[in-house]
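Right, one structure below, let's go through it.
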There are 2 protein chains.
Amino acid sequence: MPKISNKGLKMPESPIRKLVPFAENAKKKGNHVYHLNIGQPDIKTPQIALNAVQKSELEVLAYARSEGSEIYRKKLVDYYKSKNIMVTANDIVVTTGGSEALFFTIGSITDFGDELIIPEPFYANYNGFSIANGVIIKPVVSTIEKGFSLPNIDVFENQITTKTKAIIICNPGNPTGYLYTKEEIKKLATLVLKHDIFLIADEVYREFVYDGLKHHSVMSETGLENHAILIDSVSKRYSMCGARIGCVVSKNKDLIATVLKYAQARLSPPTFSLIASEAALDTPQSYFDAVIEEYVSRRNILITELQKIANIKISKPKGAFYLIVALPIKDADHFAQWILENFQDNDETVMFAPASGFYSTKNAGKNQIRIAYVLKKEDLIRAVTILKLALLAYKS
Amino acid sequence: MPKISNKGLKMPESPIRKLVPFAENAKKKGNHVYHLNIGQPDIKTPQIALNAVQKSELEVLAYARSEGSEIYRKKLVDYYKSKNIMVTANDIVVTTGGSEALFFTIGSITDFGDELIIPEPFYANYNGFSIANGVIIKPVVSTIEKGFSLPNIDVFENQITTKTKAIIICNPGNPTGYLYTKEEIKKLATLVLKHDIFLIADEVYREFVYDGLKHHSVMSETGLENHAILIDSVSKRYSMCGARIGCVVSKNKDLIATVLKYAQARLSPPTFSLIASEAALDTPQSYFDAVIEEYVSRRNILITELQKIANIKISKPKGAFYLIVALPIKDADHFAQWILENFQDNDETVMFAPASGFYSTKNAGKNQIRIAYVLKKEDLIRAVTILKLALLAYKS
């Protein structure tokens, strides 16, 4: 039998995936499952984007340019300008989702055995992209007690070795909903300049910032031109996760030239999705205003409901649409599976993501779960009620 | 300035890409450029596939399943059955193009420093996928004199080391148009079984087989269940290169489980493209009959025209839509650029792919070019006439 590679064996399963068969079983038994586990919003995709595809009159579904069409990249330049990010079309390579943007970026700056520093908990797939590139993640722990704010900068500096190629942040953060302050971004900027490494910011939730706060992009930091790399995606912004269109943005010409070689090797991003993404850039501000209002009111209701549960800890998210809760239990992986297998209330049960999959430090976050508030309010209220009842039953 | 990775520096530029600025300049000067350089067919995409997307009534462009929907994979099972490839839906992971299928497969079976054996000349992007995985390609030379048939099997065996993880073939071949015989496939099967390595077959041109010959898939070899991996794509089959939908197919459960972990890390193939690909499976045979008739007649005319040029060598392709020609010159890279810069006839010129980019052995194929016969017949005739005139001018 020919062998699977070591890195293939190390590739992690999705932290949610393990629970899927249990959710399917629960449904087979006739239960409705509230899905708090996934970042697939129920928000409608802007009609302007869907219409553009439906009205496309292609005769040949041909390759797009490897880096995305010049028209699309120029429209992106205007979009970024409106976000105080000043770039040109040549600073952008369009990718197949933020996933590919991350993959190409990590490949472009790391060799086998190199290291990346990432504040923990972090988006689980950073693990997969790192392992696939033979790269080691050095986590820097942020805690729910401190609202997942950045640890002292010397904690980062202590992790830097000759193998360190970049610090990666997700801002606003999945799975924490944390929004980095301008001061935090500046501290990271100073550190990466001192050690001459990259600062990669996954800013795919840029639009989802609440309570009158402001998003600070690494791309807006002067002096960081050669060190800042922006990872972006249309998935969450326009609720079009299935488009698989993202981009890498950087003023570092060597980086962009290398990412472009990766992009050429895979030929092209998907053409229909590019048509949708280009049209989506004309989405009116009123769309975002309504979406953000919806998320804020969901977040507030979710927190109100969660606070009815005894002995939990919450970190109020300032952005994105995730929230981490520490539950009064020992093992959230076990609890999540137990609910799906054993608990229902009026033929309804709930699925969430155990937070352990978002930590790389062993046993960190074992009592935490991630809730994605991508369901409508009455469903969120009901789902938290089921969670509360399940906790009581689980403990007895 | 932070550094680009060694593998990033090694990533090759597309062999055609270098010529693009020269083609653009030629156009600026008012010349029409015949593009014999790219594998983007002018054949129309089946209307049934385009209609399915135009009529889709999605409200949310949501993620698809990481491995592709069960419905699509089951329809693929029926398609493969019609090609004498017996698999189940669980043997298939849907990918974002054949590119991603290759990337996930190489990642799943190789670690840093491992080796792959590939008959040369080969599809240039095998280089990129290998370098991005830290893998070394050991070429096995096939020659235009022998019509690019498989060299003796001991030439392969001599290249096998403890680091060798697989042999990769492209069948029918890009850039040669060569179709492996059943005997050649059987010899490779015996060899990979003896050394317990994988046999990866890129069969994206399966439909394009001419002169009454038959395609033999590695998936139809009994005894090879754990060793055969099929790379596939809808790009050429349905002239929908811009869909970016492909798949990995294998009866080896460990391989499929590992490819699935890669697929989960990047979340989902593009949703609109899946809709098109699922509908495309209902394309009637008459579509393929007409397309194959067109390619055969293009190939025949191309060869007739090329044979009017003195001192060239041609290997008549049995499949795909590429042809390699050895020209009576020393350096086809220089010649290709020279034509675009200096030669026009009645304001028309021609672009083709120098074959050197398809070889990894230094200086191999320096006098060869690849012609993609993806243009209509009168354009092919005119393009070859320009090539002939350019050769005369170049030599004098």
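We name chains A, B, ... following the order of the structure tokens; residues begin at 1 in each chain, and ligands are numbered from 1 as shown.
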Checklist entry - Please, which residues of chain B lie no more than 6 Å from chain A when the count uses only C-alpha atoms, and can they be set out as an MDAnalysis selection string? => result chainID B and resid 2 4:5 8 13 44:45 54 59:63 99 108:111 125 128 196:197 240:244 258 261 265:266 270:271
Item to check | Contacts of range 354-364 of chain B within 8 Å, only C-alpha atoms, excl. fewer than 4 positions in-chain, as a list in words | outcome: Ser14, Pro15, Ile16, Glu120, Pro121, Phe122, Tyr123, Ala124, Ile137, Pro139, Pro175, Ile324, Ala332, Asp333, Ala336, Gln368, Ile369 and Arg370 of chain B
Next on the checklist: as a PyMOL selection string, please: every residue in range 71-277 of chain B that a backbone DSSP assignment puts in helix (DSSP H, G or I).
Outcome noted: chain B and resi 71-82+89-91+97-109+125-132+153-159+182-195+218-220+241-243+253-265+271-277
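Proximity to Tyr34 in chain B at 10 Å, evaluated using only C-alpha atoms and with sequence-adjacent residues fewer than 5 positions away removed, yields Ala23, Glu348, Thr349, Val350, Met351, Phe352, Leu375, Asp379, Leu380, Arg382, Ala383, Val384 and Ile386 of chain B.
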Could you write out the selected residues, including C-alpha atoms, as a PDB file, in the first residue's frame?
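Heads up, here's the output in part_17.pdb:
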ATOM      1  CA  ALA B  23       2.061  40.169 -28.175  1.00  0.00           C
ATOM      2  CA  GLU B 348      -0.878  39.871 -39.118  1.00  0.00           C
ATOM      3  CA  THR B 349       1.468  37.884 -36.918  1.00  0.00           C
ATOM      4  CA  VAL B 350       1.437  34.738 -34.802  1.00  0.00           C
ATOM      5  CA  MET B 351       2.117  33.636 -31.220  1.00  0.00           C
ATOM      6  CA  PHE B 352       2.944  30.097 -30.153  1.00  0.00           C
ATOM      7  CA  LEU B 375      -8.715  28.145 -33.770  1.00  0.00           C
ATOM      8  CA  ASP B 379      -7.205  30.874 -39.110  1.00  0.00           C
ATOM      9  CA  LEU B 380      -4.978  27.825 -38.664  1.00  0.00           C
ATOM     10  CA  ARG B 382      -3.249  31.572 -42.266  1.00  0.00           C
ATOM     11  CA  ALA B 383      -1.293  31.244 -38.990  1.00  0.00           C
ATOM     12  CA  VAL B 384       0.899  28.466 -40.418  1.00  0.00           C
ATOM     13  CA  ILE B 386       2.733  33.397 -41.376  1.00  0.00           C
TER      14      ILE B 386
END
Checklist outcome for this item: Restricting to only C-alpha atoms, whichever of B:Thr176, B:Trp338, B:Leu224, B:Lys388 is closest to Gln307 in chain B is B:Lys388
Item to check | Close residues, Lys395 in chain A itself excluded, 12 Å, only C-alpha atoms, min 6 positions apart in chain, as a ChimeraX atom specification | outcome: /A:327-331,335,338-339,388-389
Only C-alpha atoms, please: the residues just picked out, written as a PDB file, in the first residue's frame.
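Result file follows (selection-v3.pdb):
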ATOM      1  CA  LEU A 327     -19.235  27.111  29.725  1.00  0.00           C
ATOM      2  CA  PRO A 328     -19.287  25.626  33.250  1.00  0.00           C
ATOM      3  CA  ILE A 329     -18.157  22.236  31.925  1.00  0.00           C
ATOM      4  CA  LYS A 330     -14.801  20.534  31.404  1.00  0.00           C
ATOM      5  CA  ASP A 331     -14.923  19.323  27.839  1.00  0.00           C
ATOM      6  CA  PHE A 335     -20.654  18.226  25.451  1.00  0.00           C
ATOM      7  CA  TRP A 338     -23.482  14.623  23.770  1.00  0.00           C
ATOM      8  CA  ILE A 339     -26.175  17.195  22.935  1.00  0.00           C
ATOM      9  CA  LYS A 388     -29.286  26.176  28.713  1.00  0.00           C
ATOM     10  CA  LEU A 389     -31.569  23.155  29.180  1.00  0.00           C
TER      11      LEU A 389
END
Next on the checklist: Please list as a PyMOL selection string every residue within 9 Å of Asn25 in chain A, counting only C-alpha atoms and excluding residues in the same chain fewer than 6 positions away.
Outcome noted: chain A and resi 31+340-341
Only all heavy atoms, please: the residues just picked out, written as a compact mmCIF listing (two decimals), in the first residue's frame.
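After the write, out.txt holds the following:
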# COMPACT_ATOMS: atom_id res chain seq x y z
N ASN A 31 -35.39 15.30 14.78
CA ASN A 31 -35.14 16.56 15.49
C ASN A 31 -34.73 17.67 14.53
O ASN A 31 -34.03 17.43 13.55
CB ASN A 31 -34.01 16.37 16.51
CG ASN A 31 -34.41 15.42 17.62
OD1 ASN A 31 -35.46 15.58 18.24
ND2 ASN A 31 -33.57 14.41 17.86
N LEU A 340 -26.00 16.47 20.64
CA LEU A 340 -26.52 15.95 19.37
C LEU A 340 -26.98 14.50 19.52
O LEU A 340 -27.97 14.08 18.91
CB LEU A 340 -25.48 16.07 18.26
CG LEU A 340 -25.17 17.51 17.82
CD1 LEU A 340 -23.93 17.54 16.91
CD2 LEU A 340 -26.36 18.14 17.08
N GLU A 341 -26.29 13.75 20.35
CA GLU A 341 -26.63 12.34 20.51
C GLU A 341 -27.79 12.12 21.48
O GLU A 341 -28.59 11.21 21.28
CB GLU A 341 -25.42 11.55 21.05
CG GLU A 341 -24.43 11.16 19.99
CD GLU A 341 -23.37 10.21 20.55
OE1 GLU A 341 -22.63 10.62 21.46
OE2 GLU A 341 -23.31 9.06 20.06
Next on the checklist: Quick one: residues within 6 Å of Ile167 in chain A, only C-alpha atoms, excluding same-chain residues fewer than 2 positions away - as a PyMOL selection string?
Outcome noted: chain A and resi 116-118+199
For those residues, write all heavy atoms to a file as a PDB file, in the first residue's frame.
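So result00.pdb came out as:
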ATOM      1  N   LEU A 116       5.306  30.707  11.824  1.00  0.00           N
ATOM      2  CA  LEU A 116       4.372  31.830  11.798  1.00  0.00           C
ATOM      3  C   LEU A 116       3.858  32.038  13.217  1.00  0.00           C
ATOM      4  O   LEU A 116       3.582  31.066  13.923  1.00  0.00           O
ATOM      5  CB  LEU A 116       3.180  31.508  10.876  1.00  0.00           C
ATOM      6  CG  LEU A 116       3.514  31.286   9.398  1.00  0.00           C
ATOM      7  CD1 LEU A 116       2.302  30.687   8.673  1.00  0.00           C
ATOM      8  CD2 LEU A 116       3.937  32.605   8.746  1.00  0.00           C
ATOM      9  N   ILE A 117       3.724  33.286  13.612  1.00  0.00           N
ATOM     10  CA  ILE A 117       3.186  33.590  14.943  1.00  0.00           C
ATOM     11  C   ILE A 117       1.748  34.053  14.781  1.00  0.00           C
ATOM     12  O   ILE A 117       1.458  34.938  13.970  1.00  0.00           O
ATOM     13  CB  ILE A 117       4.026  34.675  15.637  1.00  0.00           C
ATOM     14  CG1 ILE A 117       5.449  34.141  15.872  1.00  0.00           C
ATOM     15  CG2 ILE A 117       3.385  35.093  16.956  1.00  0.00           C
ATOM     16  CD1 ILE A 117       6.402  35.194  16.428  1.00  0.00           C
ATOM     17  N   ILE A 118       0.831  33.443  15.525  1.00  0.00           N
ATOM     18  CA  ILE A 118      -0.592  33.776  15.395  1.00  0.00           C
ATOM     19  C   ILE A 118      -1.221  33.861  16.781  1.00  0.00           C
ATOM     20  O   ILE A 118      -1.072  32.935  17.575  1.00  0.00           O
ATOM     21  CB  ILE A 118      -1.352  32.713  14.562  1.00  0.00           C
ATOM     22  CG1 ILE A 118      -0.579  32.345  13.276  1.00  0.00           C
ATOM     23  CG2 ILE A 118      -2.760  33.209  14.223  1.00  0.00           C
ATOM     24  CD1 ILE A 118      -1.312  31.366  12.363  1.00  0.00           C
ATOM     25  N   LEU A 199       3.660  41.228   8.223  1.00  0.00           N
ATOM     26  CA  LEU A 199       2.449  41.261   9.044  1.00  0.00           C
ATOM     27  C   LEU A 199       1.275  40.991   8.104  1.00  0.00           C
ATOM     28  O   LEU A 199       0.963  41.810   7.236  1.00  0.00           O
ATOM     29  CB  LEU A 199       2.277  42.627   9.725  1.00  0.00           C
ATOM     30  CG  LEU A 199       1.010  42.805  10.563  1.00  0.00           C
ATOM     31  CD1 LEU A 199       0.900  41.745  11.664  1.00  0.00           C
ATOM     32  CD2 LEU A 199       0.975  44.208  11.195  1.00  0.00           C
TER      33      LEU A 199
END
Next on the checklist: Give me the residues near Tyr72 in chain A as a PyMOL selection string, where near means some atom within 12 Å (using only C-alpha atoms) and where sequence neighbours in that chain fewer than 6 positions away do not count.
Outcome noted: chain A and resi 64-65+78-79+88-90+92-94+245-247+271+273-282
Next on the checklist: DSSP on the backbone: which residues in range 132-343 of chain A end up as strand (DSSP E)? Give the answer as a ChimeraX atom specification.
Outcome noted: /A:136-141,164-170,198-202,228-233,246-249,313-314,322-326
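When only C-alpha atoms are used to measure the gap to Ile292 in chain A, the shortest distance among A:Val374, A:Val218, A:Leu323, A:Leu387 belongs to A:Val374.
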Checklist entry - How many Å lie between CA of Pro119 in chain B and CA of Phe288 in chain B, rounded to one decimal? => result 28.5 Å
